[in-house]
$ cat data-v7.cif   # mmCIF, C-alpha atoms
data_data
#
loop_
_atom_site.group_PDB
_atom_site.id
_atom_site.type_symbol
_atom_site.label_atom_id
_atom_site.label_comp_id
_atom_site.auth_asym_id
_atom_site.auth_seq_id
_atom_site.Cartn_x
_atom_site.Cartn_y
_atom_site.Cartn_z
ATOM 1 C CA MET A 22 184.999 125.590 54.991
ATOM 2 C CA LYS A 23 183.509 124.535 51.663
ATOM 3 C CA TRP A 24 186.535 125.566 49.586
ATOM 4 C CA ALA A 25 188.906 123.836 51.994
ATOM 5 C CA ALA A 26 186.836 120.667 51.739
ATOM 6 C CA GLY A 27 186.809 121.015 47.946
ATOM 7 C CA VAL A 28 190.612 121.396 47.770
ATOM 8 C CA ALA A 29 191.174 118.444 50.126
ATOM 9 C CA ILE A 30 188.795 116.131 48.256
ATOM 10 C CA THR A 31 190.203 117.143 44.846
ATOM 11 C CA GLY A 32 193.717 116.442 46.151
ATOM 12 C CA LEU A 33 192.687 113.006 47.391
ATOM 13 C CA MET A 34 191.050 112.173 44.069
ATOM 14 C CA ALA A 35 194.158 113.372 42.185
ATOM 15 C CA LEU A 36 196.337 111.132 44.389
ATOM 16 C CA LEU A 37 194.104 108.137 43.657
ATOM 17 C CA ALA A 38 194.156 108.931 39.922
ATOM 18 C CA LEU A 39 197.980 109.157 39.989
ATOM 19 C CA GLY A 40 198.085 105.738 41.627
ATOM 20 C CA VAL A 41 195.824 104.313 38.933
ATOM 21 C CA ILE A 42 197.921 105.710 36.061
ATOM 22 C CA GLY A 43 200.945 103.879 37.473
ATOM 23 C CA VAL A 44 203.078 106.603 39.012
ATOM 24 C CA PHE A 45 203.582 104.503 42.153
ATOM 25 C CA PRO A 46 205.138 101.039 41.753
ATOM 26 C CA ARG A 47 202.892 98.018 42.131
ATOM 27 C CA PRO A 48 204.236 94.747 43.577
ATOM 28 C CA GLU A 49 204.257 91.630 41.437
ATOM 29 C CA LEU A 50 202.125 88.956 43.106
ATOM 30 C CA PRO A 51 202.535 85.184 42.830
ATOM 31 C CA ASP A 52 200.061 83.108 40.831
ATOM 32 C CA PRO A 53 197.000 82.580 43.092
ATOM 33 C CA GLU A 54 196.049 79.135 41.737
ATOM 34 C CA PRO A 55 198.833 77.026 43.333
ATOM 35 C CA VAL A 56 198.322 78.935 46.599
ATOM 36 C CA ALA A 57 194.576 78.174 46.566
ATOM 37 C CA LEU A 58 195.111 74.494 45.726
ATOM 38 C CA SER A 59 197.716 74.127 48.463
ATOM 39 C CA TRP A 60 195.037 75.204 50.981
ATOM 40 C CA GLY A 61 192.520 72.713 49.599
ATOM 41 C CA ALA A 62 190.227 75.285 47.939
ATOM 42 C CA ARG A 63 189.396 76.117 44.335
ATOM 43 C CA ASN A 64 188.272 79.658 45.142
ATOM 44 C CA ALA A 65 191.393 81.766 45.653
ATOM 45 C CA VAL A 66 189.474 84.394 47.653
ATOM 46 C CA ALA A 67 188.300 81.746 50.153
ATOM 47 C CA ALA A 68 191.864 80.447 50.459
ATOM 48 C CA ILE A 69 193.066 83.963 51.268
ATOM 49 C CA VAL A 70 190.252 84.830 53.696
ATOM 50 C CA LEU A 71 190.302 81.547 55.661
ATOM 51 C CA GLY A 72 193.902 80.538 55.052
ATOM 52 C CA VAL A 73 196.561 83.126 54.394
ATOM 53 C CA ARG A 74 194.793 85.973 56.196
ATOM 54 C CA LEU A 75 193.064 83.942 58.915
ATOM 55 C CA TRP A 76 194.164 86.281 61.727
ATOM 56 C CA ASP A 77 192.529 89.153 59.877
ATOM 57 C CA THR A 78 189.246 87.254 59.536
ATOM 58 C CA LEU A 79 189.257 86.258 63.222
ATOM 59 C CA PHE A 80 189.640 89.830 64.374
ATOM 60 C CA GLU A 81 187.045 90.935 61.813
ATOM 61 C CA ILE A 82 184.550 88.532 63.404
ATOM 62 C CA LEU A 83 185.453 89.844 66.854
ATOM 63 C CA VAL A 84 185.013 93.473 65.752
ATOM 64 C CA TYR A 85 181.672 92.562 64.179
ATOM 65 C CA ALA A 86 180.434 90.842 67.353
ATOM 66 C CA MET A 87 181.585 93.784 69.479
ATOM 67 C CA THR A 88 179.784 96.365 67.343
ATOM 68 C CA ILE A 89 176.600 94.281 67.348
ATOM 69 C CA ALA A 90 176.866 94.069 71.149
ATOM 70 C CA GLY A 91 177.247 97.858 71.131
ATOM 71 C CA VAL A 92 174.076 98.214 69.045
ATOM 72 C CA LYS A 93 172.197 95.945 71.472
ATOM 73 C CA LEU A 94 173.454 97.818 74.506
ATOM 74 C CA GLY A 95 172.863 101.275 73.032
ATOM 75 C CA LEU A 96 169.251 100.653 72.070
ATOM 76 C CA ARG A 97 168.292 98.571 75.116
ATOM 77 C CA PHE A 98 167.289 101.461 77.362
ATOM 78 C CA LEU A 99 165.800 103.709 74.691
ATOM 79 C CA ARG A 100 162.170 104.589 75.420
ATOM 80 C CA TRP A 101 160.320 106.978 73.130
ATOM 81 C CA GLU A 102 157.474 109.108 74.450
ATOM 82 C CA LYS A 103 155.535 108.697 71.193
ATOM 83 C CA ARG A 104 155.933 105.171 69.820
ATOM 84 C CA VAL A 105 155.162 104.422 66.186
ATOM 85 C CA PRO A 106 152.469 101.694 65.992
ATOM 86 C CA PRO A 107 153.168 98.435 64.076
ATOM 87 C CA VAL A 108 152.397 98.437 60.358
ATOM 88 C CA ALA A 109 149.289 96.486 59.367
ATOM 89 C CA GLU A 110 150.145 93.199 57.650
ATOM 90 C CA THR A 111 148.453 91.539 54.703
ATOM 91 C CA PRO A 112 147.828 87.757 54.399
ATOM 92 C CA LEU A 113 149.398 87.637 50.921
ATOM 93 C CA LEU A 114 152.722 89.077 52.105
ATOM 94 C CA ARG A 115 152.721 86.867 55.211
ATOM 95 C CA ARG A 116 152.143 83.663 53.260
ATOM 96 C CA SER A 117 154.710 84.530 50.550
ATOM 97 C CA ALA A 118 157.340 85.330 53.175
ATOM 98 C CA ASP A 119 156.636 82.002 54.900
ATOM 99 C CA ILE A 120 157.024 80.143 51.596
ATOM 100 C CA LEU A 121 160.185 82.028 50.597
ATOM 101 C CA LEU A 122 162.017 81.568 53.901
ATOM 102 C CA GLY A 123 162.692 77.846 53.338
ATOM 103 C CA PRO A 124 164.422 78.285 49.960
ATOM 104 C CA ILE A 125 166.390 81.224 51.385
ATOM 105 C CA VAL A 126 167.734 79.052 54.214
ATOM 106 C CA VAL A 127 168.615 76.229 51.791
ATOM 107 C CA PHE A 128 170.370 78.652 49.445
ATOM 108 C CA THR A 129 172.263 80.154 52.387
ATOM 109 C CA VAL A 130 173.561 76.734 53.427
ATOM 110 C CA TYR A 131 174.524 75.990 49.799
ATOM 111 C CA VAL A 132 176.406 79.287 49.349
ATOM 112 C CA ALA A 133 178.226 78.831 52.659
ATOM 113 C CA ALA A 134 179.095 75.176 52.179
ATOM 114 C CA SER A 135 180.332 75.592 48.582
ATOM 115 C CA GLY A 136 182.227 78.798 49.272
ATOM 116 C CA HIS A 137 185.614 77.123 48.823
ATOM 117 C CA LEU A 138 184.663 75.716 45.407
ATOM 118 C CA GLY A 139 183.027 78.694 43.708
ATOM 119 C CA PRO A 140 181.640 82.156 44.292
ATOM 120 C CA GLY A 141 180.254 82.489 47.806
ATOM 121 C CA GLY A 142 181.447 81.985 51.343
ATOM 122 C CA GLY A 143 180.389 82.653 54.879
ATOM 123 C CA PHE A 144 179.964 86.410 54.690
ATOM 124 C CA PRO A 145 177.668 86.558 51.599
ATOM 125 C CA ALA A 146 175.677 83.623 52.975
ATOM 126 C CA GLY A 147 175.197 85.400 56.293
ATOM 127 C CA ALA A 148 174.045 88.539 54.516
ATOM 128 C CA LEU A 149 171.561 86.374 52.539
ATOM 129 C CA LEU A 150 170.046 84.833 55.663
ATOM 130 C CA GLY A 151 169.981 88.173 57.477
ATOM 131 C CA THR A 152 168.101 89.877 54.673
ATOM 132 C CA GLY A 153 165.795 86.829 54.425
ATOM 133 C CA LEU A 154 164.876 87.308 58.081
ATOM 134 C CA LEU A 155 164.393 91.015 57.370
ATOM 135 C CA LEU A 156 161.921 90.084 54.626
ATOM 136 C CA LEU A 157 160.054 87.898 57.103
ATOM 137 C CA ALA A 158 159.992 90.731 59.647
ATOM 138 C CA LEU A 159 158.735 93.210 57.038
ATOM 139 C CA ALA A 160 155.937 90.876 55.990
ATOM 140 C CA LYS A 161 154.823 89.585 59.390
ATOM 141 C CA GLY A 162 155.639 92.545 61.606
ATOM 142 C CA VAL A 163 158.843 92.966 63.607
ATOM 143 C CA GLU A 164 157.135 92.607 66.993
ATOM 144 C CA ARG A 165 155.644 89.274 66.062
ATOM 145 C CA VAL A 166 158.816 87.760 64.572
ATOM 146 C CA SER A 167 161.032 88.955 67.416
ATOM 147 C CA ALA A 168 158.584 87.431 69.905
ATOM 148 C CA GLU A 169 158.915 84.105 68.065
ATOM 149 C CA ILE A 170 162.733 84.175 68.069
ATOM 150 C CA HIS A 171 164.174 83.938 71.569
ATOM 151 C CA GLU A 172 166.794 86.591 72.089
ATOM 152 C CA GLU A 173 168.689 84.648 74.726
ATOM 153 C CA ALA A 174 169.020 81.576 72.519
ATOM 154 C CA LEU A 175 170.302 83.823 69.703
ATOM 155 C CA ASP A 176 172.947 85.231 72.045
ATOM 156 C CA TRP A 177 174.093 81.722 72.964
ATOM 157 C CA VAL A 178 174.268 80.648 69.299
ATOM 158 C CA GLU A 179 176.088 83.828 68.224
ATOM 159 C CA TYR A 180 178.778 83.747 70.879
ATOM 160 C CA GLY A 181 178.990 79.957 70.758
ATOM 161 C CA ALA A 182 179.693 80.187 67.018
ATOM 162 C CA ILE A 183 182.529 82.637 67.725
ATOM 163 C CA VAL A 184 184.026 80.291 70.334
ATOM 164 C CA VAL A 185 183.878 77.337 67.917
ATOM 165 C CA ILE A 186 185.450 79.443 65.123
ATOM 166 C CA LEU A 187 188.267 80.423 67.497
ATOM 167 C CA GLY A 188 188.755 76.754 68.425
ATOM 168 C CA LEU A 189 188.886 75.741 64.755
ATOM 169 C CA ALA A 190 191.361 78.522 64.048
ATOM 170 C CA ALA A 191 193.517 77.389 66.960
ATOM 171 C CA VAL A 192 193.548 73.840 65.570
ATOM 172 C CA LEU A 193 194.474 75.209 62.146
ATOM 173 C CA LEU A 194 197.175 77.574 63.355
ATOM 174 C CA LEU A 195 198.749 75.315 65.976
ATOM 175 C CA LEU A 196 198.480 71.904 64.294
ATOM 176 C CA GLY A 197 198.810 73.157 60.717
ATOM 177 C CA ARG A 198 195.670 71.373 59.481
ATOM 178 C CA ARG A 199 194.127 72.548 56.207
ATOM 179 C CA GLY A 200 191.547 71.271 53.730
ATOM 180 C CA ALA A 201 187.959 71.358 52.499
ATOM 181 C CA PRO A 202 186.126 70.133 55.687
ATOM 182 C CA TYR A 203 187.725 72.905 57.669
ATOM 183 C CA PHE A 204 186.609 75.487 55.060
ATOM 184 C CA ILE A 205 183.025 74.188 55.052
ATOM 185 C CA ALA A 206 182.736 74.247 58.861
ATOM 186 C CA THR A 207 184.240 77.728 59.177
ATOM 187 C CA ASN A 208 182.088 79.139 56.375
ATOM 188 C CA LEU A 209 178.882 77.744 57.909
ATOM 189 C CA LEU A 210 179.758 79.156 61.334
ATOM 190 C CA ILE A 211 180.677 82.547 59.864
ATOM 191 C CA ALA A 212 177.363 82.587 57.970
ATOM 192 C CA LEU A 213 175.507 81.875 61.237
ATOM 193 C CA GLU A 214 177.394 84.599 63.048
ATOM 194 C CA VAL A 215 176.890 87.253 60.341
ATOM 195 C CA ALA A 216 173.186 86.379 59.900
ATOM 196 C CA ILE A 217 172.445 86.597 63.621
ATOM 197 C CA GLY A 218 174.382 89.864 63.899
ATOM 198 C CA ALA A 219 172.551 91.421 60.952
ATOM 199 C CA TRP A 220 169.175 90.254 62.299
ATOM 200 C CA VAL A 221 169.897 91.582 65.798
ATOM 201 C CA ALA A 222 171.015 94.993 64.489
ATOM 202 C CA ILE A 223 168.096 95.362 62.077
ATOM 203 C CA HIS A 224 165.362 94.212 64.454
ATOM 204 C CA ARG A 225 166.717 96.345 67.294
ATOM 205 C CA PHE A 226 166.470 99.364 65.012
ATOM 206 C CA ALA A 227 162.966 98.407 63.924
ATOM 207 C CA LEU A 228 161.787 97.814 67.486
ATOM 208 C CA SER A 229 163.119 101.105 68.846
ATOM 209 C CA ARG A 230 161.374 103.375 66.379
ATOM 210 C CA GLY A 231 159.581 106.467 67.624
ATOM 211 C CA GLU A 232 158.969 110.177 67.201
ATOM 212 C CA VAL A 233 160.499 113.143 68.960
ATOM 213 C CA MET B 13 192.142 100.481 29.465
ATOM 214 C CA GLU B 14 189.149 98.308 30.316
ATOM 215 C CA GLY B 15 189.121 98.607 34.077
ATOM 216 C CA LEU B 16 189.360 102.379 33.992
ATOM 217 C CA ALA B 17 185.587 102.998 34.166
ATOM 218 C CA GLY B 18 185.278 101.197 37.505
ATOM 219 C CA LEU B 19 188.266 103.062 38.911
ATOM 220 C CA ALA B 20 186.933 106.447 37.739
ATOM 221 C CA LEU B 21 183.482 105.698 39.172
ATOM 222 C CA GLY B 22 185.046 104.589 42.456
ATOM 223 C CA ILE B 23 187.088 107.794 42.728
ATOM 224 C CA ALA B 24 184.026 109.912 41.878
ATOM 225 C CA LEU B 25 181.914 108.130 44.521
ATOM 226 C CA VAL B 26 184.612 108.634 47.169
ATOM 227 C CA GLY B 27 184.721 112.357 46.312
ATOM 228 C CA LEU B 28 180.924 112.649 46.398
ATOM 229 C CA GLY B 29 180.713 110.788 49.705
ATOM 230 C CA PHE B 30 183.404 112.906 51.370
ATOM 231 C CA TRP B 31 181.745 116.067 50.057
ATOM 232 C CA THR B 32 178.447 115.032 51.644
ATOM 233 C CA LEU B 33 180.252 114.043 54.839
ATOM 234 C CA VAL B 34 181.894 117.444 55.198
ATOM 235 C CA VAL B 35 179.303 119.879 53.857
ATOM 236 C CA ARG B 36 175.926 118.452 54.998
ATOM 237 C CA ARG B 37 174.783 119.458 58.473
ATOM 238 C CA ASN B 38 172.390 116.603 59.174
ATOM 239 C CA LEU B 39 174.024 113.629 60.911
ATOM 240 C CA ILE B 40 172.024 111.061 58.932
ATOM 241 C CA TRP B 41 173.187 112.693 55.691
ATOM 242 C CA LYS B 42 176.758 112.598 56.965
ATOM 243 C CA LEU B 43 176.464 108.857 57.590
ATOM 244 C CA LEU B 44 174.940 108.387 54.135
ATOM 245 C CA GLY B 45 177.944 110.252 52.704
ATOM 246 C CA LEU B 46 180.273 107.942 54.633
ATOM 247 C CA ASP B 47 178.365 104.972 53.196
ATOM 248 C CA VAL B 48 178.736 106.261 49.626
ATOM 249 C CA ALA B 49 182.452 106.937 50.174
ATOM 250 C CA ALA B 50 182.916 103.406 51.527
ATOM 251 C CA GLY B 51 181.077 102.009 48.512
ATOM 252 C CA GLY B 52 183.335 104.014 46.211
ATOM 253 C CA SER B 53 186.495 102.808 47.926
ATOM 254 C CA ILE B 54 185.262 99.204 47.733
ATOM 255 C CA LEU B 55 184.583 99.608 44.007
ATOM 256 C CA PHE B 56 188.004 101.227 43.572
ATOM 257 C CA LEU B 57 189.825 98.354 45.292
ATOM 258 C CA VAL B 58 187.957 95.675 43.346
ATOM 259 C CA ALA B 59 188.611 97.515 40.063
ATOM 260 C CA LEU B 60 192.330 97.752 40.976
ATOM 261 C CA GLY B 61 192.487 93.958 40.964
ATOM 262 C CA TYR B 62 191.096 93.771 37.440
ATOM 263 C CA ARG B 63 193.354 92.398 34.709
ATOM 264 C CA PRO B 64 192.530 92.844 30.993
ATOM 265 C CA GLY B 65 190.957 89.620 29.777
ATOM 266 C CA GLY B 66 191.109 88.166 33.253
ATOM 267 C CA ARG B 67 188.784 85.453 34.513
ATOM 268 C CA PRO B 68 187.456 84.991 38.074
ATOM 269 C CA ALA B 69 190.026 83.776 40.579
ATOM 270 C CA ILE B 70 188.635 80.234 40.714
ATOM 271 C CA VAL B 71 190.740 77.252 39.657
ATOM 272 C CA GLY B 72 189.534 75.494 36.509
ATOM 273 C CA LEU B 73 187.461 78.266 34.956
ATOM 274 C CA GLY B 74 189.279 78.210 31.639
ATOM 275 C CA PRO B 75 192.531 79.591 30.244
ATOM 276 C CA GLY B 76 193.930 83.056 30.685
ATOM 277 C CA PRO B 77 195.187 85.007 33.644
ATOM 278 C CA ALA B 78 193.037 85.275 36.769
ATOM 279 C CA VAL B 79 192.128 88.635 38.285
ATOM 280 C CA ASP B 80 193.929 89.576 41.477
ATOM 281 C CA PRO B 81 192.058 87.878 44.385
ATOM 282 C CA LEU B 82 193.770 89.884 47.125
ATOM 283 C CA PRO B 83 191.650 93.090 46.833
ATOM 284 C CA GLN B 84 188.485 90.973 46.785
ATOM 285 C CA ALA B 85 189.462 89.256 50.035
ATOM 286 C CA LEU B 86 190.393 92.624 51.525
ATOM 287 C CA VAL B 87 187.077 94.139 50.481
ATOM 288 C CA LEU B 88 185.099 91.338 52.127
ATOM 289 C CA THR B 89 186.435 92.513 55.475
ATOM 290 C CA ALA B 90 185.734 96.141 54.601
ATOM 291 C CA ILE B 91 182.084 95.469 53.714
ATOM 292 C CA VAL B 92 181.281 93.600 56.930
ATOM 293 C CA ILE B 93 183.106 96.030 59.216
ATOM 294 C CA HIS B 94 181.531 98.955 57.393
ATOM 295 C CA PHE B 95 178.037 97.545 57.953
ATOM 296 C CA ALA B 96 178.735 97.025 61.653
ATOM 297 C CA THR B 97 180.311 100.431 62.291
ATOM 298 C CA LEU B 98 177.544 102.182 60.350
ATOM 299 C CA ALA B 99 174.948 100.433 62.538
ATOM 300 C CA LEU B 100 176.834 101.514 65.664
ATOM 301 C CA ALA B 101 177.083 105.102 64.413
ATOM 302 C CA LEU B 102 173.350 105.117 63.682
ATOM 303 C CA VAL B 103 172.683 103.996 67.261
ATOM 304 C CA TYR B 104 174.498 107.077 68.528
ATOM 305 C CA VAL B 105 172.522 109.299 66.127
ATOM 306 C CA VAL B 106 169.279 107.741 67.415
ATOM 307 C CA LEU B 107 170.327 108.312 71.038
ATOM 308 C CA LEU B 108 171.348 111.905 70.244
ATOM 309 C CA THR B 109 168.016 112.544 68.514
ATOM 310 C CA HIS B 110 166.161 111.097 71.484
ATOM 311 C CA ARG B 111 167.991 113.371 73.910
ATOM 312 C CA ARG B 112 168.479 116.601 71.997
ATOM 313 C CA HIS B 113 165.592 116.464 69.473
ATOM 314 C CA THR B 114 167.776 117.500 66.527
ATOM 315 C CA GLN B 115 170.281 116.039 64.058
ATOM 316 C CA ASP B 116 171.682 119.378 62.892
ATOM 317 C CA VAL B 117 175.348 119.638 63.921
ATOM 318 C CA ARG B 118 175.255 123.452 64.139
ATOM 319 C CA ARG B 119 172.243 123.426 66.443
ATOM 320 C CA LEU B 120 173.823 120.656 68.485
ATOM 321 C CA GLU B 121 177.010 122.690 68.846
ATOM 322 C CA ALA B 122 175.182 125.948 69.589
ATOM 323 C CA GLU B 123 173.020 124.356 72.286
ATOM 324 C CA GLU B 124 175.896 122.491 73.846
ATOM 325 C CA ARG B 125 176.612 123.692 77.394
ATOM 326 C CA TRP B 126 180.383 123.655 77.554
ATOM 327 C CA PRO B 127 181.907 123.277 81.013
ATOM 328 C CA GLN B 128 183.069 126.603 82.440
ATOM 329 C CA PRO B 129 186.688 126.786 83.617
#
$ encode --input "data-v7.cif" --output "structure tokens"
Amino acid sequence: MKWAAGVAITGLMALLALGVIGVFPRPELPDPEPVALSWGARNAVAAIVLGVRLWDTLFEILVYAMTIAGVKLGLRFLRWEKRVPPVAETPLLRRSADILLGPIVVFTVYVAASGHLGPGGGFPAGALLGTGLLLLALAKGVERVSAEIHEEALDWVEYGAIVVILGLAAVLLLLGRRGAPYFIATNLLIALEVAIGAWVAIHRFALSRGEV
Amino acid sequence: MEGLAGLALGIALVGLGFWTLVVRRNLIWKLLGLDVAAGGSILFLVALGYRPGGRPAIVGLGPGPAVDPLPQALVLTAIVIHFATLALALVYVVLLTHRRHTQDVRRLEAEERWPQP
């Protein structure tokens, strides 16, 4: 088993190395700058993600929402016999997390809203907000934070954001609209969606901890 | 070649991740191996888009050729989907641990009651 795995992995690495050296032909791509400007963005990656490959991004969001729903469903009925008690919190950590959460939210909105002009975009911004909420949960205790955030409202916001993104995409694809306002709106909604998904997955895992 | 270090590191990480995925018997270790392999492939794709002396693919950041933005856009999808599928896979590992009290694939297979024909 081990030698077969070794041969297979070495073969795969050799194939990748051959591709790097230039054995296989590489296509010549057009200059990205005129393409980006024609979509109304300065960041070529944002123009590709939300413009040229919009179908891809839409289905990516759908796959993401479906897997997060799977995580929710899978852990909903899990009951451990021996539950791990909540970790004791300290006032210093709690206060610092409270102070830091505001700047994290502001930075998230900045990264999402300026994603078409520079480095950033909806996905990094969502990861920022999700990890910010994780910091809050680590400092204040997951049980406490998840009691403060209403799960049902989160569901409505998450799936509502997907519906609005689909509507925006329909306007873009059917009417041929393009430009900066569209990029800003889509990036903010994607950030919301990714942040809520990350928070739901992480806090579900933290809540369903236990011992066998 | 300047971008070669990233490519070599990416290939090495993919090999290491696949090795862990195949050889380790613990399911959590297998998922960690999958994570490392995904990280390596992401690094490999981003390094493929590198051009010598290239600048970031943002308009107005100075003269010179821009790096290829297509792998970066591709990788954005890969990162998000990888996070989601890894979380889903971990849910199944948690459920399996809750039911069968082990994460060892050999023990899981040995204790499996296969249906008799």
$ closest_atom_pairs --input "data-v7.cif" --of "chain B" --to "chain A" --cutoff "8 Å" --atoms "all atoms listed in the file" --output "Markdown table"
| residue | atom | partner | partner_atom | distance |
| --- | --- | --- | --- | --- |
| B:Leu19 | CA | A:Val41 | CA | 7.7 |
| B:Ala20 | CA | A:Ala38 | CA | 7.9 |
| B:Ile23 | CA | A:Met34 | CA | 6.1 |
| B:Ala24 | CA | A:Met34 | CA | 7.7 |
| B:Val26 | CA | A:Met34 | CA | 8.0 |
| B:Gly27 | CA | A:Ile30 | CA | 5.9 |
| B:Phe30 | CA | A:Ile30 | CA | 7.0 |
| B:Trp31 | CA | A:Ala26 | CA | 7.1 |
| B:Val34 | CA | A:Ala26 | CA | 6.8 |
| B:Val35 | CA | A:Lys23 | CA | 6.6 |
| B:Leu60 | CA | A:Val41 | CA | 7.7 |
| B:Ala69 | CA | A:Ala65 | CA | 5.6 |
| B:Ile70 | CA | A:Asn64 | CA | 4.5 |
| B:Val71 | CA | A:Arg63 | CA | 5.0 |
| B:Gly72 | CA | A:Arg63 | CA | 7.9 |
| B:Ala78 | CA | A:Pro53 | CA | 7.9 |
| B:Asp80 | CA | A:Pro53 | CA | 7.8 |
| B:Pro81 | CA | A:Val66 | CA | 5.4 |
| B:Leu82 | CA | A:Val66 | CA | 7.0 |
| B:Gln84 | CA | A:Val66 | CA | 6.7 |
| B:Ala85 | CA | A:Val66 | CA | 5.4 |
| B:Leu88 | CA | A:Phe144 | CA | 7.6 |
| B:Thr89 | CA | A:Glu81 | CA | 6.6 |
| B:Val92 | CA | A:Tyr85 | CA | 7.3 |
| B:Ile93 | CA | A:Tyr85 | CA | 6.2 |
| B:Ala96 | CA | A:Thr88 | CA | 5.8 |
| B:Thr97 | CA | A:Thr88 | CA | 6.5 |
| B:Ala99 | CA | A:Val92 | CA | 6.9 |
| B:Leu100 | CA | A:Val92 | CA | 5.5 |
| B:Val103 | CA | A:Val92 | CA | 6.2 |
| B:Tyr104 | CA | A:Gly95 | CA | 7.5 |
| B:Leu107 | CA | A:Leu99 | CA | 7.4 |
| B:Thr109 | CA | A:Val233 | CA | 7.6 |
| B:His110 | CA | A:Val233 | CA | 6.5 |
| B:His113 | CA | A:Val233 | CA | 6.1 |
$ residues_around --input "data-v7.cif" --residues "range 42-46 of chain B" --least-positions-apart "3" --cutoff "9 Å" --atoms "all atoms listed in the file" --output "PyMOL selection string"
chain B and resi 26+28-39+49-51+98+101-102
$ closest_residue --input "data-v7.cif" --among "A:Val192, A:Val221, A:Leu175, A:Leu121" --to "Gly153 in chain A" --atoms "all atoms listed in the file"
A:Leu121
$ resolve_selection --input "data-v7.cif" --expression "the PyMOL selection byres ((chain A and resi 134) around 9)" --output "PyMOL selection string"
chain A and resi 129-133+135-138+141-143+204-206+208-209
$ resolve_selection --input "data-v7.cif" --expression "the PyMOL selection byres ((chain A and resi 159) around 9)" --output "list in words"
Val108, Glu110, Leu114, Arg115, Ala118, Leu154, Leu155, Leu156, Leu157, Ala158, Ala160, Lys161, Gly162 and Val163 of chain A
$ atom_distance --input "data-v7.cif" --atom1 "CA of Arg198 in chain A" --atom2 "CA of Val178 in chain A"
25.3 Å
$ atom_distance --input "data-v7.cif" --atom1 "CA of Leu228 in chain A" --atom2 "CA of His171 in chain A"
14.7 Å
$ atom_distance --input "data-v7.cif" --atom1 "CA of Val185 in chain A" --atom2 "CA of Leu150 in chain A"
19.9 Å
$ axis_aligned_box --input "data-v7.cif" --around "range 47-59 of chain B" --padding-each-side "4 Å" --output "lines of an AutoDock Vina configuration file"
center_x = 184.1
center_y = 101.3
center_z = 46.6
size_x = 19.5
size_y = 19.3
size_z = 21.1
$ residues_around --input "data-v7.cif" --residues "Pro83 in chain B" --least-positions-apart "3" --cutoff "10 Å" --atoms "all atoms listed in the file" --output "mmCIF file with C-alpha atoms, in the coordinates of the input"
data_model
loop_
_atom_site.group_PDB
_atom_site.id
_atom_site.type_symbol
_atom_site.label_atom_id
_atom_site.label_comp_id
_atom_site.auth_asym_id
_atom_site.auth_seq_id
_atom_site.Cartn_x
_atom_site.Cartn_y
_atom_site.Cartn_z
ATOM 1 C CA VAL A 66 189.474 84.394 47.653
ATOM 2 C CA ILE B 54 185.262 99.204 47.733
ATOM 3 C CA PHE B 56 188.004 101.227 43.572
ATOM 4 C CA LEU B 57 189.825 98.354 45.292
ATOM 5 C CA VAL B 58 187.957 95.675 43.346
ATOM 6 C CA ALA B 59 188.611 97.515 40.063
ATOM 7 C CA LEU B 60 192.330 97.752 40.976
ATOM 8 C CA GLY B 61 192.487 93.958 40.964
ATOM 9 C CA TYR B 62 191.096 93.771 37.440
ATOM 10 C CA VAL B 79 192.128 88.635 38.285
ATOM 11 C CA ASP B 80 193.929 89.576 41.477
ATOM 12 C CA LEU B 86 190.393 92.624 51.525
ATOM 13 C CA VAL B 87 187.077 94.139 50.481
ATOM 14 C CA LEU B 88 185.099 91.338 52.127
#
$ build_atoms --input "data-v7.cif" --residues "range 133-142 of chain A" --atoms "N, CA and C atoms" --output "mmCIF file, keeping the file's coordinate frame"
data_model
loop_
_atom_site.group_PDB
_atom_site.id
_atom_site.type_symbol
_atom_site.label_atom_id
_atom_site.label_comp_id
_atom_site.auth_asym_id
_atom_site.auth_seq_id
_atom_site.Cartn_x
_atom_site.Cartn_y
_atom_site.Cartn_z
ATOM 1 N N ALA A 133 177.178 78.916 51.638
ATOM 2 C CA ALA A 133 178.226 78.831 52.659
ATOM 3 C C ALA A 133 179.049 77.556 52.493
ATOM 4 N N ALA A 134 178.372 76.446 52.204
ATOM 5 C CA ALA A 134 179.095 75.176 52.179
ATOM 6 C C ALA A 134 179.932 75.012 50.913
ATOM 7 N N SER A 135 179.561 75.718 49.817
ATOM 8 C CA SER A 135 180.332 75.592 48.582
ATOM 9 C C SER A 135 181.209 76.810 48.361
ATOM 10 N N GLY A 136 181.448 77.567 49.426
ATOM 11 C CA GLY A 136 182.227 78.798 49.272
ATOM 12 C C GLY A 136 183.667 78.566 48.874
ATOM 13 N N HIS A 137 184.216 77.370 49.183
ATOM 14 C CA HIS A 137 185.614 77.123 48.823
ATOM 15 C C HIS A 137 185.749 76.593 47.407
ATOM 16 N N LEU A 138 184.616 76.258 46.770
ATOM 17 C CA LEU A 138 184.663 75.716 45.407
ATOM 18 C C LEU A 138 184.309 76.758 44.349
ATOM 19 N N GLY A 139 183.454 77.711 44.692
ATOM 20 C CA GLY A 139 183.027 78.694 43.708
ATOM 21 C C GLY A 139 182.713 80.002 44.376
ATOM 22 N N PRO A 140 181.989 80.872 43.681
ATOM 23 C CA PRO A 140 181.640 82.156 44.292
ATOM 24 C C PRO A 140 180.775 81.927 45.528
ATOM 25 N N GLY A 141 181.034 82.650 46.577
ATOM 26 C CA GLY A 141 180.254 82.489 47.806
ATOM 27 C C GLY A 141 181.165 82.531 49.011
ATOM 28 N N GLY A 142 180.680 81.968 50.107
ATOM 29 C CA GLY A 142 181.447 81.985 51.343
ATOM 30 C C GLY A 142 180.561 82.356 52.505
#
